[in-house]
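S.K.: Just target_2.cif, nothing more (mmCIF, C-alpha atoms and all ligand atoms):
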data_input
#
loop_
_atom_site.label_atom_id
_atom_site.label_comp_id
_atom_site.auth_asym_id
_atom_site.auth_seq_id
_atom_site.Cartn_x
_atom_site.Cartn_y
_atom_site.Cartn_z
CA MET A 23 -53.76 -61.74 -32.04
CA SER A 24 -54.53 -63.59 -28.79
CA GLN A 25 -50.93 -63.16 -27.58
CA ARG A 26 -50.77 -59.40 -27.91
CA CYS A 27 -50.24 -57.82 -24.53
CA VAL A 28 -51.00 -54.29 -23.39
CA LEU A 29 -50.07 -52.86 -20.02
CA VAL A 30 -52.60 -50.32 -18.76
CA THR A 31 -51.79 -48.12 -15.76
CA GLY A 32 -54.62 -46.46 -13.85
CA ALA A 33 -56.64 -49.45 -15.06
CA GLY A 34 -59.08 -49.23 -12.15
CA GLY A 35 -60.00 -45.63 -12.88
CA TYR A 36 -62.94 -43.97 -14.63
CA ILE A 37 -61.53 -44.53 -18.14
CA GLY A 38 -59.44 -47.61 -17.33
CA SER A 39 -62.36 -49.62 -15.99
CA ARG A 40 -64.12 -49.11 -19.34
CA LEU A 41 -61.01 -49.51 -21.49
CA VAL A 42 -59.81 -52.81 -19.97
CA PRO A 43 -62.99 -54.82 -20.79
CA ALA A 44 -62.93 -53.34 -24.32
CA LEU A 45 -59.33 -54.52 -24.80
CA LEU A 46 -60.11 -57.99 -23.47
CA GLU A 47 -63.11 -58.25 -25.76
CA ARG A 48 -60.84 -57.53 -28.71
CA GLY A 49 -58.44 -60.34 -27.80
CA TRP A 50 -55.74 -58.41 -25.99
CA HIS A 51 -53.97 -59.81 -22.94
CA VAL A 52 -54.10 -57.03 -20.37
CA ARG A 53 -51.80 -56.20 -17.46
CA ALA A 54 -53.88 -53.87 -15.34
CA VAL A 55 -51.72 -51.82 -12.98
CA ASP A 56 -53.37 -49.72 -10.30
CA ARG A 57 -53.33 -48.97 -6.56
CA PHE A 58 -57.10 -49.38 -6.83
CA PHE A 59 -57.77 -46.34 -4.68
CA PHE A 60 -61.39 -46.46 -5.85
CA GLY A 61 -61.85 -50.21 -5.29
CA ALA A 62 -60.65 -53.34 -7.07
CA ASP A 63 -64.21 -54.47 -7.78
CA VAL A 64 -64.37 -52.24 -10.87
CA LEU A 65 -62.65 -54.89 -13.02
CA GLU A 66 -64.20 -58.31 -13.57
CA ALA A 67 -61.95 -61.37 -13.66
CA HIS A 68 -61.00 -62.62 -17.13
CA GLU A 69 -58.60 -65.34 -18.27
CA HIS A 70 -56.49 -62.80 -20.15
CA LEU A 71 -56.47 -60.18 -17.41
CA ARG A 72 -53.59 -59.95 -14.95
CA THR A 73 -54.25 -57.46 -12.20
CA ILE A 74 -51.17 -55.90 -10.63
CA ARG A 75 -51.77 -53.90 -7.45
CA GLU A 76 -48.71 -51.70 -7.56
CA ASP A 77 -47.74 -48.06 -7.37
CA THR A 78 -46.56 -46.84 -10.76
CA ARG A 79 -43.63 -45.14 -9.02
CA ARG A 80 -42.38 -48.63 -8.15
CA LEU A 81 -42.81 -50.50 -11.43
CA ASP A 82 -39.74 -52.39 -12.66
CA ALA A 83 -38.49 -54.13 -15.79
CA ALA A 84 -40.23 -57.43 -14.95
CA HIS A 85 -43.66 -55.77 -15.26
CA PHE A 86 -42.92 -54.95 -18.92
CA GLU A 87 -41.68 -58.35 -20.11
CA SER A 88 -43.44 -59.32 -23.37
CA VAL A 89 -45.53 -56.14 -23.38
CA ASP A 90 -46.35 -54.83 -26.89
CA ALA A 91 -47.93 -51.53 -25.87
CA VAL A 92 -48.59 -49.34 -22.85
CA ILE A 93 -51.54 -47.06 -22.18
CA ASP A 94 -50.43 -44.88 -19.27
CA LEU A 95 -53.69 -43.63 -17.77
CA VAL A 96 -52.37 -43.26 -14.25
CA ALA A 97 -52.80 -39.84 -12.66
CA ILE A 98 -54.03 -37.77 -9.80
CA SER A 99 -56.74 -36.93 -12.22
CA ASN A 100 -58.06 -33.44 -11.64
CA GLU A 101 -56.93 -29.90 -11.01
CA THR A 102 -58.21 -29.58 -7.45
CA SER A 103 -56.58 -32.85 -6.31
CA GLY A 104 -53.37 -31.73 -8.01
CA GLN A 105 -53.42 -28.46 -6.03
CA GLN A 106 -53.92 -30.36 -2.77
CA PHE A 107 -51.39 -33.17 -3.41
CA VAL A 108 -48.72 -31.28 -5.31
CA GLN A 109 -45.74 -33.57 -4.76
CA ALA A 110 -47.66 -36.78 -5.49
CA THR A 111 -49.11 -35.21 -8.63
CA ARG A 112 -45.66 -34.35 -9.93
CA GLN A 113 -44.34 -37.83 -9.12
CA ILE A 114 -47.31 -39.77 -10.52
CA ASN A 115 -48.50 -37.66 -13.44
CA CYS A 116 -45.04 -36.78 -14.70
CA ASP A 117 -42.07 -38.68 -13.21
CA SER A 118 -43.67 -42.14 -13.09
CA ARG A 119 -44.90 -41.78 -16.68
CA ILE A 120 -41.46 -40.85 -17.99
CA ARG A 121 -40.08 -43.86 -16.13
CA THR A 122 -42.85 -46.14 -17.41
CA ALA A 123 -42.23 -45.04 -20.99
CA GLY A 124 -38.49 -45.69 -20.52
CA LEU A 125 -39.11 -49.15 -19.07
CA ALA A 126 -41.50 -49.97 -21.91
CA LYS A 127 -38.94 -48.88 -24.48
CA ALA A 128 -36.14 -50.85 -22.82
CA ALA A 129 -38.36 -53.95 -22.74
CA GLY A 130 -38.97 -53.71 -26.50
CA ALA A 131 -42.59 -52.49 -26.48
CA ALA A 132 -43.57 -50.89 -29.79
CA LEU A 133 -46.07 -48.26 -28.65
CA TYR A 134 -46.61 -45.93 -25.70
CA ILE A 135 -49.86 -43.95 -25.47
CA LEU A 136 -50.01 -41.01 -23.08
CA PRO A 137 -53.64 -40.10 -22.34
CA SER A 138 -53.06 -36.43 -21.69
CA THR A 139 -55.54 -33.64 -21.14
CA CYS A 140 -56.77 -30.52 -22.91
CA SER A 141 -56.22 -28.78 -19.55
CA VAL A 142 -52.70 -28.05 -20.83
CA TYR A 143 -54.29 -25.32 -22.99
CA GLY A 144 -55.29 -23.65 -19.71
CA GLU A 145 -56.22 -20.00 -20.04
CA GLN A 146 -56.87 -18.90 -23.62
CA ASP A 147 -58.68 -15.96 -25.21
CA ARG A 148 -62.36 -16.80 -25.40
CA ASP A 149 -62.30 -16.73 -29.22
CA THR A 150 -59.14 -18.87 -29.63
CA ILE A 151 -59.65 -22.38 -30.96
CA CYS A 152 -56.73 -24.60 -29.96
CA THR A 153 -55.08 -26.96 -32.39
CA GLU A 154 -52.18 -29.17 -31.35
CA GLN A 155 -49.86 -26.43 -32.63
CA SER A 156 -51.35 -23.69 -30.47
CA ALA A 157 -49.33 -22.35 -27.57
CA ILE A 158 -50.29 -24.18 -24.41
CA ASN A 159 -50.79 -22.31 -21.16
CA PRO A 160 -51.11 -24.78 -18.25
CA GLN A 161 -52.32 -23.10 -15.06
CA THR A 162 -52.23 -25.82 -12.42
CA GLU A 163 -49.85 -28.49 -11.15
CA TYR A 164 -52.06 -31.13 -12.80
CA ALA A 165 -51.69 -29.44 -16.19
CA LYS A 166 -48.02 -28.55 -15.76
CA ALA A 167 -47.05 -32.09 -14.72
CA THR A 168 -48.92 -33.42 -17.76
CA ARG A 169 -47.18 -30.93 -20.06
CA ASP A 170 -43.80 -32.12 -18.78
CA ALA A 171 -44.82 -35.77 -19.18
CA GLU A 172 -45.86 -35.03 -22.78
CA GLU A 173 -42.54 -33.39 -23.62
CA GLN A 174 -40.36 -36.02 -22.02
CA THR A 175 -42.20 -39.12 -23.22
CA LEU A 176 -42.35 -37.75 -26.79
CA ALA A 177 -38.58 -37.32 -26.62
CA LEU A 178 -38.24 -41.11 -26.30
CA ALA A 179 -39.89 -41.78 -29.68
CA ASP A 180 -37.77 -43.42 -32.37
CA GLU A 181 -38.36 -45.74 -35.30
CA ARG A 182 -38.85 -48.78 -33.04
CA PHE A 183 -40.71 -47.11 -30.19
CA SER A 184 -43.76 -45.02 -31.11
CA VAL A 185 -45.08 -42.46 -28.67
CA VAL A 186 -48.44 -40.77 -29.13
CA VAL A 187 -50.07 -38.16 -26.91
CA LEU A 188 -53.86 -37.94 -26.73
CA ARG A 189 -55.08 -34.65 -25.30
CA GLN A 190 -58.48 -35.74 -24.16
CA ALA A 191 -61.49 -33.50 -23.75
CA THR A 192 -63.50 -33.84 -20.54
CA VAL A 193 -65.15 -37.24 -20.57
CA PHE A 194 -68.79 -37.93 -19.69
CA GLY A 195 -70.89 -41.05 -19.33
CA PRO A 196 -71.09 -44.16 -17.18
CA SER A 197 -68.22 -46.25 -15.86
CA PRO A 198 -67.82 -48.77 -13.01
CA ARG A 199 -65.71 -46.06 -11.28
CA LEU A 200 -68.04 -43.17 -11.97
CA ARG A 201 -66.56 -39.72 -11.47
CA LEU A 202 -69.01 -37.08 -10.30
CA ASP A 203 -66.29 -34.41 -10.29
CA LEU A 204 -66.54 -34.18 -14.11
CA ALA A 205 -68.81 -31.47 -15.51
CA ILE A 206 -71.57 -33.34 -17.32
CA ASN A 207 -71.70 -36.28 -14.88
CA PHE A 208 -71.88 -33.83 -11.97
CA MET A 209 -74.51 -31.57 -13.56
CA VAL A 210 -76.83 -34.42 -14.53
CA HIS A 211 -76.52 -36.14 -11.14
CA ARG A 212 -77.12 -32.92 -9.21
CA ALA A 213 -80.05 -31.93 -11.42
CA HIS A 214 -81.64 -35.33 -10.81
CA HIS A 215 -81.24 -35.09 -7.03
CA THR A 216 -82.04 -31.43 -6.42
CA GLY A 217 -83.92 -30.20 -9.47
CA LYS A 218 -81.19 -27.57 -9.89
CA LEU A 219 -78.57 -27.64 -12.61
CA PRO A 220 -75.25 -26.23 -11.37
CA VAL A 221 -73.28 -23.84 -13.62
CA VAL A 222 -69.78 -22.67 -12.66
CA ARG A 223 -69.41 -18.87 -12.78
CA ASP A 224 -69.17 -16.84 -14.92
CA GLY A 225 -70.41 -19.30 -17.51
CA SER A 226 -68.39 -17.92 -20.43
CA GLN A 227 -65.46 -20.36 -20.03
CA TRP A 228 -65.17 -22.95 -22.81
CA ARG A 229 -64.54 -26.66 -22.42
CA PRO A 230 -64.45 -29.56 -24.90
CA PHE A 231 -66.28 -32.82 -24.14
CA ILE A 232 -66.17 -36.43 -25.26
CA HIS A 233 -68.35 -39.43 -24.51
CA MET A 234 -66.66 -42.31 -22.66
CA ASP A 235 -67.24 -44.71 -25.59
CA ASP A 236 -65.34 -42.33 -27.86
CA ALA A 237 -62.51 -41.79 -25.35
CA VAL A 238 -62.06 -45.58 -25.28
CA ALA A 239 -62.45 -45.87 -29.05
CA ALA A 240 -59.72 -43.27 -29.68
CA GLN A 241 -57.25 -45.31 -27.64
CA LEU A 242 -58.20 -48.53 -29.42
CA PHE A 243 -57.83 -46.75 -32.75
CA MET A 244 -54.28 -45.63 -31.92
CA LEU A 245 -53.43 -49.11 -30.70
CA GLU A 246 -54.88 -51.12 -33.56
CA GLN A 247 -55.68 -49.08 -36.64
CA ALA A 248 -53.63 -45.93 -36.92
CA ASP A 249 -50.53 -46.00 -39.10
CA ARG A 250 -47.70 -46.08 -36.54
CA SER A 251 -45.30 -44.08 -38.64
CA ALA A 252 -47.94 -41.36 -39.09
CA ILE A 253 -48.82 -41.03 -35.40
CA ASN A 254 -45.36 -41.51 -33.91
CA GLY A 255 -44.14 -38.48 -31.98
CA ARG A 256 -47.43 -36.62 -32.47
CA ILE A 257 -50.08 -35.02 -30.30
CA TYR A 258 -53.81 -35.36 -31.00
CA ASN A 259 -56.74 -33.49 -29.53
CA VAL A 260 -59.41 -36.09 -28.76
CA GLY A 261 -62.91 -34.70 -28.93
CA ALA A 262 -65.06 -33.24 -31.68
CA ASN A 263 -65.31 -29.73 -33.08
CA HIS A 264 -69.05 -29.60 -32.34
CA LEU A 265 -68.60 -30.77 -28.72
CA ASN A 266 -67.07 -27.55 -27.36
CA TYR A 267 -69.39 -25.61 -25.05
CA SER A 268 -69.26 -22.60 -22.78
CA ALA A 269 -70.36 -23.55 -19.26
CA LEU A 270 -73.61 -21.63 -19.71
CA GLY A 271 -74.15 -22.99 -23.24
CA LEU A 272 -73.69 -26.52 -21.92
CA ALA A 273 -76.13 -25.91 -19.07
CA GLU A 274 -78.75 -24.56 -21.47
CA HIS A 275 -78.26 -27.58 -23.73
CA LEU A 276 -78.67 -29.94 -20.76
CA VAL A 277 -81.87 -28.15 -19.70
CA GLU A 278 -83.30 -29.00 -23.14
CA LEU A 279 -82.17 -32.64 -22.92
CA LEU A 280 -83.21 -33.50 -19.38
CA PRO A 281 -86.57 -35.24 -19.10
CA ARG A 282 -87.55 -33.13 -16.07
CA ARG A 283 -87.76 -29.34 -15.69
CA VAL A 284 -84.75 -27.97 -13.81
CA GLU A 285 -83.55 -24.51 -12.84
CA LEU A 286 -80.02 -23.18 -13.26
CA GLU A 287 -78.00 -22.64 -10.08
CA TRP A 288 -74.78 -20.57 -10.19
CA ILE A 289 -71.91 -22.05 -8.19
CA GLY A 290 -68.20 -21.46 -7.45
CA ASP A 291 -65.80 -18.63 -8.18
CA PRO A 292 -65.25 -17.43 -11.75
CA ASP A 293 -63.08 -19.95 -13.61
CA ASN A 294 -60.41 -18.29 -15.78
CA ARG A 295 -59.41 -21.48 -17.54
CA SER A 296 -61.07 -21.56 -20.92
CA TYR A 297 -60.19 -23.64 -23.93
CA HIS A 298 -61.96 -24.59 -27.11
CA ILE A 299 -60.33 -27.31 -29.24
CA ASN A 300 -60.09 -28.24 -32.87
CA CYS A 301 -60.01 -31.97 -33.69
CA ASP A 302 -59.23 -31.92 -37.42
CA ARG A 303 -55.89 -33.67 -36.95
CA ILE A 304 -57.31 -36.88 -35.47
CA GLU A 305 -60.22 -36.82 -37.93
CA GLN A 306 -57.74 -36.69 -40.81
CA LEU A 307 -56.43 -40.05 -39.59
CA GLY A 308 -59.90 -41.52 -40.06
CA TRP A 309 -61.14 -41.38 -36.46
CA ARG A 310 -64.26 -39.45 -35.51
CA ALA A 311 -66.29 -39.19 -32.28
CA GLN A 312 -69.62 -40.96 -32.68
CA ARG A 313 -71.56 -40.18 -29.53
CA SER A 314 -73.45 -37.06 -28.49
CA ILE A 315 -74.08 -35.22 -25.23
CA ALA A 316 -77.65 -36.54 -25.46
CA ASP A 317 -76.39 -40.15 -25.46
CA GLY A 318 -74.46 -39.60 -22.24
CA VAL A 319 -77.26 -37.67 -20.56
CA THR A 320 -79.77 -40.42 -21.33
CA GLU A 321 -77.45 -43.09 -19.90
CA LEU A 322 -76.61 -41.09 -16.78
CA TRP A 323 -80.24 -40.14 -16.14
CA LYS A 324 -81.26 -43.80 -16.39
CA LEU A 325 -78.65 -44.72 -13.79
CA CYS A 326 -79.93 -41.95 -11.51
CA GLU A 327 -83.51 -43.14 -11.93
CA ALA A 328 -82.47 -46.71 -11.10
CA GLY A 329 -80.68 -45.49 -7.94
CA LYS A 330 -77.40 -46.80 -9.28
CA ILE A 331 -75.38 -43.65 -8.59
CA ASP A 332 -74.87 -43.31 -4.87
CA GLY A 333 -72.99 -40.00 -4.92
CA SER A 334 -70.72 -41.22 -2.08
CA PRO A 335 -67.33 -39.53 -1.50
CA ARG A 336 -65.69 -42.28 -3.57
CA SER A 337 -67.26 -40.75 -6.69
CA HIS A 338 -65.67 -37.36 -5.98
CA THR A 339 -61.95 -37.70 -6.65
CA LEU A 340 -60.59 -34.99 -4.35
CA ARG A 341 -62.98 -35.79 -1.49
CA TRP A 342 -61.97 -39.46 -1.66
CA TYR A 343 -58.22 -38.78 -1.73
CA ARG A 344 -58.65 -36.41 1.24
CA ASP A 345 -60.64 -39.04 3.13
CA LEU A 346 -58.04 -41.74 2.43
CA ASP A 347 -55.26 -39.41 3.55
CA ARG A 348 -57.08 -38.52 6.79
CA TRP A 349 -57.94 -42.15 7.63
CA HIS A 350 -54.36 -43.14 6.95
CA ARG A 351 -53.12 -40.62 9.51
CA VAL A 352 -55.73 -41.65 12.10
CA ILE A 353 -55.11 -45.37 11.63
CA ARG A 354 -51.34 -44.97 11.84
CA GLU A 355 -51.79 -43.13 15.13
CA ILE A 356 -53.99 -45.70 16.83
CA GLU A 357 -53.10 -49.02 15.19
CA MET A 358 -51.19 -51.49 17.41
CA TYR A 359 -50.13 -55.06 16.68
CA GLY A 360 -51.61 -55.02 13.19
CA GLY A 361 -55.11 -53.92 14.17
CA ILE A 362 -57.47 -51.55 15.95
CA LEU A 363 -59.69 -53.77 18.19
CA ASP A 364 -58.77 -57.16 16.71
CA ILE A 365 -55.00 -57.49 17.01
CA GLU A 366 -52.38 -60.09 16.26
CA THR A 367 -51.92 -61.98 19.54
N1 LIG B 401 -61.80 -38.32 -17.18
C1 LIG B 401 -61.57 -37.24 -17.92
O1 LIG B 401 -62.47 -36.44 -18.21
C2 LIG B 401 -60.20 -36.97 -18.43
C3 LIG B 401 -60.03 -35.92 -19.34
C4 LIG B 401 -58.76 -35.65 -19.81
C5 LIG B 401 -57.69 -36.42 -19.40
N2 LIG B 401 -57.88 -37.42 -18.50
C6 LIG B 401 -56.71 -38.21 -18.09
O2 LIG B 401 -56.99 -39.59 -18.33
C7 LIG B 401 -56.36 -40.37 -17.32
C8 LIG B 401 -57.38 -41.25 -16.62
O3 LIG B 401 -58.37 -40.43 -16.01
P1 LIG B 401 -59.56 -41.03 -15.16
O4 LIG B 401 -60.71 -40.10 -15.33
O5 LIG B 401 -59.73 -42.46 -15.47
O6 LIG B 401 -58.98 -40.84 -13.68
P2 LIG B 401 -59.19 -41.75 -12.37
O7 LIG B 401 -58.81 -40.92 -11.20
O8 LIG B 401 -60.54 -42.34 -12.37
O9 LIG B 401 -58.14 -42.93 -12.59
C9 LIG B 401 -56.79 -42.85 -12.19
C10 LIG B 401 -56.42 -44.21 -11.62
O10 LIG B 401 -55.04 -44.17 -11.26
C11 LIG B 401 -54.87 -44.85 -10.03
N3 LIG B 401 -53.65 -44.34 -9.40
C12 LIG B 401 -53.40 -43.09 -8.98
N4 LIG B 401 -52.15 -42.99 -8.52
C13 LIG B 401 -51.58 -44.21 -8.68
C14 LIG B 401 -50.28 -44.72 -8.45
N5 LIG B 401 -49.30 -43.96 -7.94
N6 LIG B 401 -50.03 -46.01 -8.76
C15 LIG B 401 -51.00 -46.81 -9.28
N7 LIG B 401 -52.25 -46.37 -9.52
C16 LIG B 401 -52.53 -45.08 -9.22
C17 LIG B 401 -56.12 -44.59 -9.24
O11 LIG B 401 -56.33 -45.62 -8.29
C18 LIG B 401 -57.18 -44.57 -10.35
O12 LIG B 401 -57.77 -45.84 -10.49
C19 LIG B 401 -55.67 -39.38 -16.39
O13 LIG B 401 -54.35 -39.25 -16.80
C20 LIG B 401 -56.41 -38.11 -16.62
O14 LIG B 401 -55.61 -36.99 -16.34
C21 LIG B 401 -59.11 -37.72 -18.02
#
So that I can check it, write out the structure of this file as structure tokens.
M.R.:
Amino acid sequence: MSQRCVLVTGAGGYIGSRLVPALLERGWHVRAVDRFFFGADVLEAHEHLRTIREDTRRLDAAHFESVDAVIDLVAISNETSGQQFVQATRQINCDSRIRTAGLAKAAGAALYILPSTCSVYGEQDRDTICTEQSAINPQTEYAKATRDAEEQTLALADERFSVVVLRQATVFGPSPRLRLDLAINFMVHRAHHTGKLPVVRDGSQWRPFIHMDDAVAAQLFMLEQADRSAINGRIYNVGANHLNYSALGLAEHLVELLPRRVELEWIGDPDNRSYHINCDRIEQLGWRAQRSIADGVTELWKLCEAGKIDGSPRSHTLRWYRDLDRWHRVIREIEMYGGILDIET
């Protein structure tokens, strides 16, 4: 068991920085690949952790030597960032994943997990409940690139190389790289700071949710417990049937859970994307989400109370990528001799 090796891309991200310690705790050797756009301090050193600062578009065969499994979390991870950085989103969320799956297969890895997104369901009728067999309807580059990655990585599955796609619901709860651009995290943080709970118009759009512990647990389950021949080549919705909410329904639930009285505040333009998922297929394998919205809200509120969520641009994915992009342009313009004021002499 101690020799089993898993390569995780996007390992320094919101999910990755919770998944990697969980893998290490369970005896896995981990190769953690990331550009670490959100900081390298999110992963603690460990004797079985090898950190690889690399762009997934530049991985090569050597990175996959002796790797048993790959969890390919890497992505430009939300719709708005995907709209702003279209080409990079296509290259990272789709092309690099197809390449990574191919390299893993060529190196003799047995399993490739694609952590996909329920965003591929896109715009659905408000009373449609999406199973894995429902027609998908991706609306954005983020969702379309993920759809293409799903199709083309699944096509690589054979009896020696298992591929499984996990269409994750929107995750909530703490992480070393906390994302405040995710609905519940954002709503709780904003309610704590302003006393107002934001709700995106018109409030009738549905979304599924999943606690971070369960998002991590689903990946561990696929890696360690699920029958490979049963999951190979299949797609699973990862969430829970009772954790689908309309935006307004979620806000009203949060109002009941929050320890302080807050008022609703309508924000944004009406959001046409609406999807409600069914999770029977993954539950039939023997996996079930354990955590509730209340669990996540309690944890997030505690962090807010302790002043441990700073709300800086780094916690808002699009804002941070925009900032990095702008600084890069400015620095390239004014840098000389390897520096700004201190230079190589
Ligand atoms: N968080 C959610 O609610 C959620 C829901 C559904 C699906 N997902 C999917 O799960 C995956 C992980 O999401 P997350 O919330 O952890 O996102 P995240 O943005 O926190 O993590 C992505 C990581 O990838 C890294 N990265 C980006 N481009 C890279 C590149 N070219 N090379 C190397 N590293 C690069 C970033 O530095 C970051 O650490 C994504 O594929 C996302 O689409 C997330």
S.K.: If you take all atoms listed in the file and a cut-off of 8 Å, which residues of chain A touch ligand LIG 401 (chain B), and what are their nearest atom pairs and distances in Å to one decimal, in chain and number order, as CSV?
M.R.:
residue,atom,partner,partner_atom,distance
A:Thr31,CA,B:LIG401,N7,6.5
A:Gly32,CA,B:LIG401,O10,3.5
A:Ala33,CA,B:LIG401,O12,5.9
A:Gly34,CA,B:LIG401,O12,4.0
A:Gly35,CA,B:LIG401,O12,3.3
A:Tyr36,CA,B:LIG401,O5,3.6
A:Ile37,CA,B:LIG401,O5,3.8
A:Gly38,CA,B:LIG401,O5,5.5
A:Ser39,CA,B:LIG401,O5,7.6
A:Val55,CA,B:LIG401,C15,6.3
A:Asp56,CA,B:LIG401,N7,3.6
A:Arg57,CA,B:LIG401,N7,4.1
A:Phe58,CA,B:LIG401,O11,4.1
A:Phe59,CA,B:LIG401,O11,4.0
A:Phe60,CA,B:LIG401,O11,5.7
A:Gly61,CA,B:LIG401,O11,7.8
A:Arg75,CA,B:LIG401,C15,7.4
A:Glu76,CA,B:LIG401,C15,5.7
A:Asp77,CA,B:LIG401,N6,3.4
A:Thr78,CA,B:LIG401,N6,4.1
A:Arg79,CA,B:LIG401,N5,5.9
A:Asp94,CA,B:LIG401,O13,7.3
A:Leu95,CA,B:LIG401,C7,4.2
A:Val96,CA,B:LIG401,O10,4.1
A:Ala97,CA,B:LIG401,O13,4.5
A:Ile98,CA,B:LIG401,C12,5.4
A:Ser99,CA,B:LIG401,O14,4.3
A:Asn100,CA,B:LIG401,O14,6.4
A:Ala110,CA,B:LIG401,N5,7.8
A:Gln113,CA,B:LIG401,N5,8.0
A:Ile114,CA,B:LIG401,N5,5.3
A:Asn115,CA,B:LIG401,O13,6.9
A:Ser118,CA,B:LIG401,N5,7.8
A:Leu136,CA,B:LIG401,O13,7.8
A:Pro137,CA,B:LIG401,O2,5.3
A:Ser138,CA,B:LIG401,C5,5.2
A:Thr139,CA,B:LIG401,C5,3.9
A:Cys140,CA,B:LIG401,C4,6.3
A:Ser141,CA,B:LIG401,C4,7.3
A:Tyr164,CA,B:LIG401,O14,7.7
A:Thr168,CA,B:LIG401,O14,7.7
A:Arg189,CA,B:LIG401,C4,6.7
A:Gln190,CA,B:LIG401,C4,4.4
A:Ala191,CA,B:LIG401,C3,5.2
A:Thr192,CA,B:LIG401,O1,3.6
A:Val193,CA,B:LIG401,O1,3.7
A:Phe194,CA,B:LIG401,O1,6.7
A:Arg199,CA,B:LIG401,O8,6.5
A:Leu200,CA,B:LIG401,O8,7.6
A:Arg201,CA,B:LIG401,O8,6.6
A:Leu204,CA,B:LIG401,O1,6.2
A:Phe231,CA,B:LIG401,O1,7.9
A:Ile232,CA,B:LIG401,O1,8.0
A:Thr339,CA,B:LIG401,O7,6.4
S.K.: Which residues, written as a tab-separated table (two decimals) with C-alpha atoms, keeping the file's coordinate frame, have at least one atom at most 12 Å from A:Glu173, with all atoms listed in the file counted and residues fewer than 2 positions away on the same chain left out?
M.R.:
chain	number	residue	atom	x	y	z
A	116	CYS	CA	-45.04	-36.78	-14.70
A	117	ASP	CA	-42.07	-38.68	-13.21
A	119	ARG	CA	-44.90	-41.78	-16.68
A	120	ILE	CA	-41.46	-40.85	-17.99
A	123	ALA	CA	-42.23	-45.04	-20.99
A	136	LEU	CA	-50.01	-41.01	-23.08
A	138	SER	CA	-53.06	-36.43	-21.69
A	142	VAL	CA	-52.70	-28.05	-20.83
A	166	LYS	CA	-48.02	-28.55	-15.76
A	167	ALA	CA	-47.05	-32.09	-14.72
A	168	THR	CA	-48.92	-33.42	-17.76
A	169	ARG	CA	-47.18	-30.93	-20.06
A	170	ASP	CA	-43.80	-32.12	-18.78
A	171	ALA	CA	-44.82	-35.77	-19.18
A	175	THR	CA	-42.20	-39.12	-23.22
A	176	LEU	CA	-42.35	-37.75	-26.79
A	177	ALA	CA	-38.58	-37.32	-26.62
A	178	LEU	CA	-38.24	-41.11	-26.30
A	179	ALA	CA	-39.89	-41.78	-29.68
A	185	VAL	CA	-45.08	-42.46	-28.67
A	186	VAL	CA	-48.44	-40.77	-29.13
A	187	VAL	CA	-50.07	-38.16	-26.91
A	255	GLY	CA	-44.14	-38.48	-31.98
A	256	ARG	CA	-47.43	-36.62	-32.47
A	257	ILE	CA	-50.08	-35.02	-30.30
S.K.: So, with all atoms listed in the file as the atoms that count, which of A:Gly308, A:Gly290, A:Pro196, A:Pro160 lies closest to A:Met244?
M.R.: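 Among A:Gly308, A:Gly290, A:Pro196, A:Pro160, it is A:Gly308 that comes nearest to A:Met244.
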S.K.: Show me the residues close to (-62.2, -18.3, -19.4) - anything with an atom within 9 Å, counting all atoms listed in the file - and format the list as JSON, numbers by chain.
M.R.: {"A": [144, 145, 146, 147, 148, 224, 225, 226, 227, 228, 268, 292, 293, 294, 295, 296, 297]}
S.K.: Quick one: pull the distance between atom CA of A:Val221 and atom CA of A:Leu270, Å, one decimal.
M.R.: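 The value is 6.5 Å.
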S.K.: Which is closest to A:Asp90 among A:Glu69, A:Glu172, A:Glu357, A:Glu246, if we use all atoms listed in the file?
M.R.: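 Comparing A:Glu69, A:Glu172, A:Glu357, A:Glu246 against A:Asp90, the winner is A:Glu246.
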S.K.: In Å, rounded to a single decimal, give me how far atom CA of A:Met358 is from atom CA of A:Leu346.
M.R.: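 Interatomic distance, atom CA of A:Leu346 to atom CA of A:Met358: 19.1 Å.
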S.K.: Kindly indicate which residue among A:Ala126, A:Leu265, A:Leu272, A:Val352 lies nearest to A:Ser314, using only C-alpha atoms for the distances.
M.R.: A:Leu265
S.K.: Counting only C-alpha atoms, figure out which residue out of A:Arg303, A:His350, A:Arg310, A:Arg250 gets nearest to A:His264.
M.R.: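 The closest residue to A:His264 is A:Arg310.
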S.K.: Pick from A:Ala262, A:Ile289, A:Met234, A:Leu202: nearest to A:Arg341, with only C-alpha atoms counted?
M.R.: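 Closest to A:Arg341, using only C-alpha atoms: A:Leu202.
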S.K.: Find, counting only C-alpha atoms, the residue in A:Gln106, A:Leu363, A:Ala252, A:Val277 that gets nearest to A:Asp347.
M.R.: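 Using only C-alpha atoms, A:Asp347 sits closest to A:Gln106.
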S.K.: Using atom CA of A:Arg182 and atom CA of A:Ala132 as the two end points, give the distance in Å to one decimal.
M.R.: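 If I compute the distance from atom CA of A:Arg182 to atom CA of A:Ala132, I get 6.1 Å.
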S.K.: What's around A:Ala239 at 9 Å? Count all atoms listed in the file, leave out sequence neighbours fewer than 6 positions away in its own chain, and write the answer as a short mmCIF file (atom, residue, chain, number, x, y, z; two decimals) with C-alpha atoms, in the frame of the given file.
M.R.:
data_model
loop_
_atom_site.label_atom_id
_atom_site.label_comp_id
_atom_site.auth_asym_id
_atom_site.auth_seq_id
_atom_site.Cartn_x
_atom_site.Cartn_y
_atom_site.Cartn_z
CA LEU A 41 -61.01 -49.51 -21.49
CA ALA A 44 -62.93 -53.34 -24.32
CA TRP A 309 -61.14 -41.38 -36.46
CA ALA A 311 -66.29 -39.19 -32.28
#
S.K.: I need every residue sitting at most 12 Å from the point (-61.9, -58.3, -31.2) (coordinates as in the file, only C-alpha atoms considered), written as a count of residues only.
M.R.: 14
